[in-house]
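This report concerns only the one structure given below.
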Amino acid sequence: MEKKFGLIGSTVSHSFSKNYFDEKFFREGLRDYHYELYSLPTIEDLQKLLTDNPELVGLNVTIPYKEMVIKFLSEIDEDAKSIGAVNVIKITDGKLKGYNTDSDAFYETLEKWIPKTDNLKALVLGTGGSSKAVRQALKKLGIPFEMVSREEGKADHTYESLEKNEQIIADAKLIINTTPLGMSPNTNSFPPIDYELLTSEHYIYDLIYNPARTLFLQKAEMRNAHIKNGLEMLHIQAEKAWAIWNS
């Protein structure tokens, strides 16, 4: 019996998810399982997608729909509800249940990567659904953080206010980009922070995995900072999604 899975977002052609799951289905001999990329101009197009594809049993959700998709769900997992964002949907008899695997996947990768030091502070770039998952993980790890947004009043700082206070970046030894800035195909963009303030004591994490080295990471690497992209997080997140769809 055919089973279909997929990824919804506004721009999904950059995603490695299809290759990841296609290879997984091939390895495991699941010939009737298929994974597709669904670019939705608006979240309202989800209803037509579901009607046109009754074989769909699972979806991943990416930017910018992790928060907007919640209104379409019949049920939401407690973790996803507390985070306020969904990146995995399980479809059963036409009913949609939302989950969040981003937070746990980020938690696992960060805990392995960053050394345990006193007084570690984080700066989270962006305030969307991915940012919410990251903040939940930082709370679990006991790492204090501040947020940065383009818009005044949405976070602790704007990019403009960072320019007036160099100490913020100097003190935040962990900086995480949760925005789509630098993501394929718009690889020439990057978060507008002062990269000259970065040092070999900084740990710079970009949730983007395509390209593998965004300009954000390249600029940090030039300052001898430790860098990490989102590929390992994607793999963990994908396996957690697979477990949910098969539970």
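Residues in the structure tokens are numbered from 1 in each chain, the chains being A, B, ... in the order shown, and ligands are numbered from 1 in the order shown.
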- Pick out each residue of region 14-138 of chain A that DSSP on the backbone tags as strand (DSSP E or B); I need them as a ChimeraX atom specification. /A:33-39,56-61,75-76,88-92,95-99,122-125
Closest atom pairs, residues of region 74-150 of chain A within 10 Å of region 158-182 of chain A, only C-alpha atoms, as JSON lines:
{"residue": "A:Ile114", "atom": "CA", "partner": "A:Leu174", "partner_atom": "CA", "distance": 8.6}
{"residue": "A:Asn119", "atom": "CA", "partner": "A:Asp171", "partner_atom": "CA", "distance": 9.2}
{"residue": "A:Leu120", "atom": "CA", "partner": "A:Lys173", "partner_atom": "CA", "distance": 6.5}
{"residue": "A:Lys121", "atom": "CA", "partner": "A:Ala172", "partner_atom": "CA", "distance": 4.8}
{"residue": "A:Ala122", "atom": "CA", "partner": "A:Leu174", "partner_atom": "CA", "distance": 4.6}
{"residue": "A:Leu123", "atom": "CA", "partner": "A:Ile175", "partner_atom": "CA", "distance": 4.8}
{"residue": "A:Val124", "atom": "CA", "partner": "A:Ile176", "partner_atom": "CA", "distance": 5.0}
{"residue": "A:Leu125", "atom": "CA", "partner": "A:Asn177", "partner_atom": "CA", "distance": 4.9}
{"residue": "A:Gly126", "atom": "CA", "partner": "A:Thr179", "partner_atom": "CA", "distance": 5.3}
{"residue": "A:Thr127", "atom": "CA", "partner": "A:Thr178", "partner_atom": "CA", "distance": 7.7}
{"residue": "A:Gly128", "atom": "CA", "partner": "A:Thr179", "partner_atom": "CA", "distance": 7.6}
{"residue": "A:Gly129", "atom": "CA", "partner": "A:Thr178", "partner_atom": "CA", "distance": 8.6}
{"residue": "A:Ser130", "atom": "CA", "partner": "A:Thr178", "partner_atom": "CA", "distance": 5.8}
{"residue": "A:Ser131", "atom": "CA", "partner": "A:Thr178", "partner_atom": "CA", "distance": 5.4}
{"residue": "A:Lys132", "atom": "CA", "partner": "A:Thr178", "partner_atom": "CA", "distance": 9.2}
{"residue": "A:Ala133", "atom": "CA", "partner": "A:Thr178", "partner_atom": "CA", "distance": 9.5}
{"residue": "A:Val134", "atom": "CA", "partner": "A:Thr178", "partner_atom": "CA", "distance": 8.0}
{"residue": "A:Ile143", "atom": "CA", "partner": "A:Leu174", "partner_atom": "CA", "distance": 9.5}
{"residue": "A:Pro144", "atom": "CA", "partner": "A:Ala172", "partner_atom": "CA", "distance": 9.6}
{"residue": "A:Phe145", "atom": "CA", "partner": "A:Ala172", "partner_atom": "CA", "distance": 8.2}
{"residue": "A:Glu146", "atom": "CA", "partner": "A:Ala172", "partner_atom": "CA", "distance": 8.8}
{"residue": "A:Met147", "atom": "CA", "partner": "A:Thr158", "partner_atom": "CA", "distance": 8.4}
{"residue": "A:Val148", "atom": "CA", "partner": "A:Thr158", "partner_atom": "CA", "distance": 5.3}
{"residue": "A:Ser149", "atom": "CA", "partner": "A:Thr158", "partner_atom": "CA", "distance": 5.0}
{"residue": "A:Arg150", "atom": "CA", "partner": "A:Thr158", "partner_atom": "CA", "distance": 5.4}
- CA of Ser184 (chain A) to CA of Leu49 (chain A), straight-line distance in Å: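 Straight-line distance from CA of Leu49 (chain A) to CA of Ser184 (chain A) works out to 24.3 Å.
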- Item | From A:Ala220, A:Met233, A:Asp52, A:Tyr203, residue lying nearest Ser103 (chain A) [only C-alpha atoms] | A:Met233
- Query: Which polymer residues have any atom within 8 Å of an atom of region 67-69 of chain A, counting only C-alpha atoms, with same-chain residues fewer than 3 positions away left out, as a PyMOL selection string?
  - Reply: chain A and resi 43+64+72-73+84-86+128-129
- Task: as a ChimeraX atom specification, please: all residues of region 58-179 of chain A that backbone DSSP puts in alpha helix (DSSP H).
- Result: /A:78-83,102-113,129-141,159-164,166-171
- Query: Could you work out how far CA of Ile8 (chain A) lies from CA of Ile63 (chain A), giving the answer in Å with one decimal?
  - Reply: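 According to the coordinates, CA of Ile63 (chain A) and CA of Ile8 (chain A) are separated by 8.5 Å.
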- Item | Nearest to Glu221 (chain A) by atom-to-atom distance, counting only C-alpha atoms, from A:Asn87, A:Thr199, A:Gln237, A:Asn53 |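 That would be A:Thr199, the residue with the smallest distance to Glu221 (chain A).
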- CA of Ile227 (chain A) to CA of Glu23 (chain A): how many Å, to one decimal? 27.6 Å
- Query: Leaving out Trp245 (chain A) and any residue of its chain fewer than 4 positions from it, which residues lie within 12 Å of it when counting only C-alpha atoms, given as number ranges by chain?
  - Reply: A: 3-6, 56-60, 88-92, 96-99, 238-241
- Message: For Gly9 (chain A), find every residue with an atom within 7 Å (counting only C-alpha atoms), except residues of its own chain fewer than 3 positions away, and show them as an MDAnalysis selection string.
- Response: chainID A and resid 12 38:40 61:65
Given the selection you just returned, output its residues as a file containing C-alpha atoms, formatted as a compact mmCIF listing (two decimals), in the first residue's frame.
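Just written: out_29.txt:
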# COMPACT_ATOMS: atom_id res chain seq x y z
CA VAL A 12 11.69 23.72 -0.23
CA TYR A 38 5.67 20.64 -1.42
CA SER A 39 6.20 24.35 -1.93
CA LEU A 40 3.09 26.13 -0.63
CA VAL A 61 7.15 21.62 8.27
CA THR A 62 9.74 24.28 7.55
CA ILE A 63 10.00 28.09 7.32
CA PRO A 64 7.74 30.03 7.52
CA TYR A 65 4.87 27.71 8.51
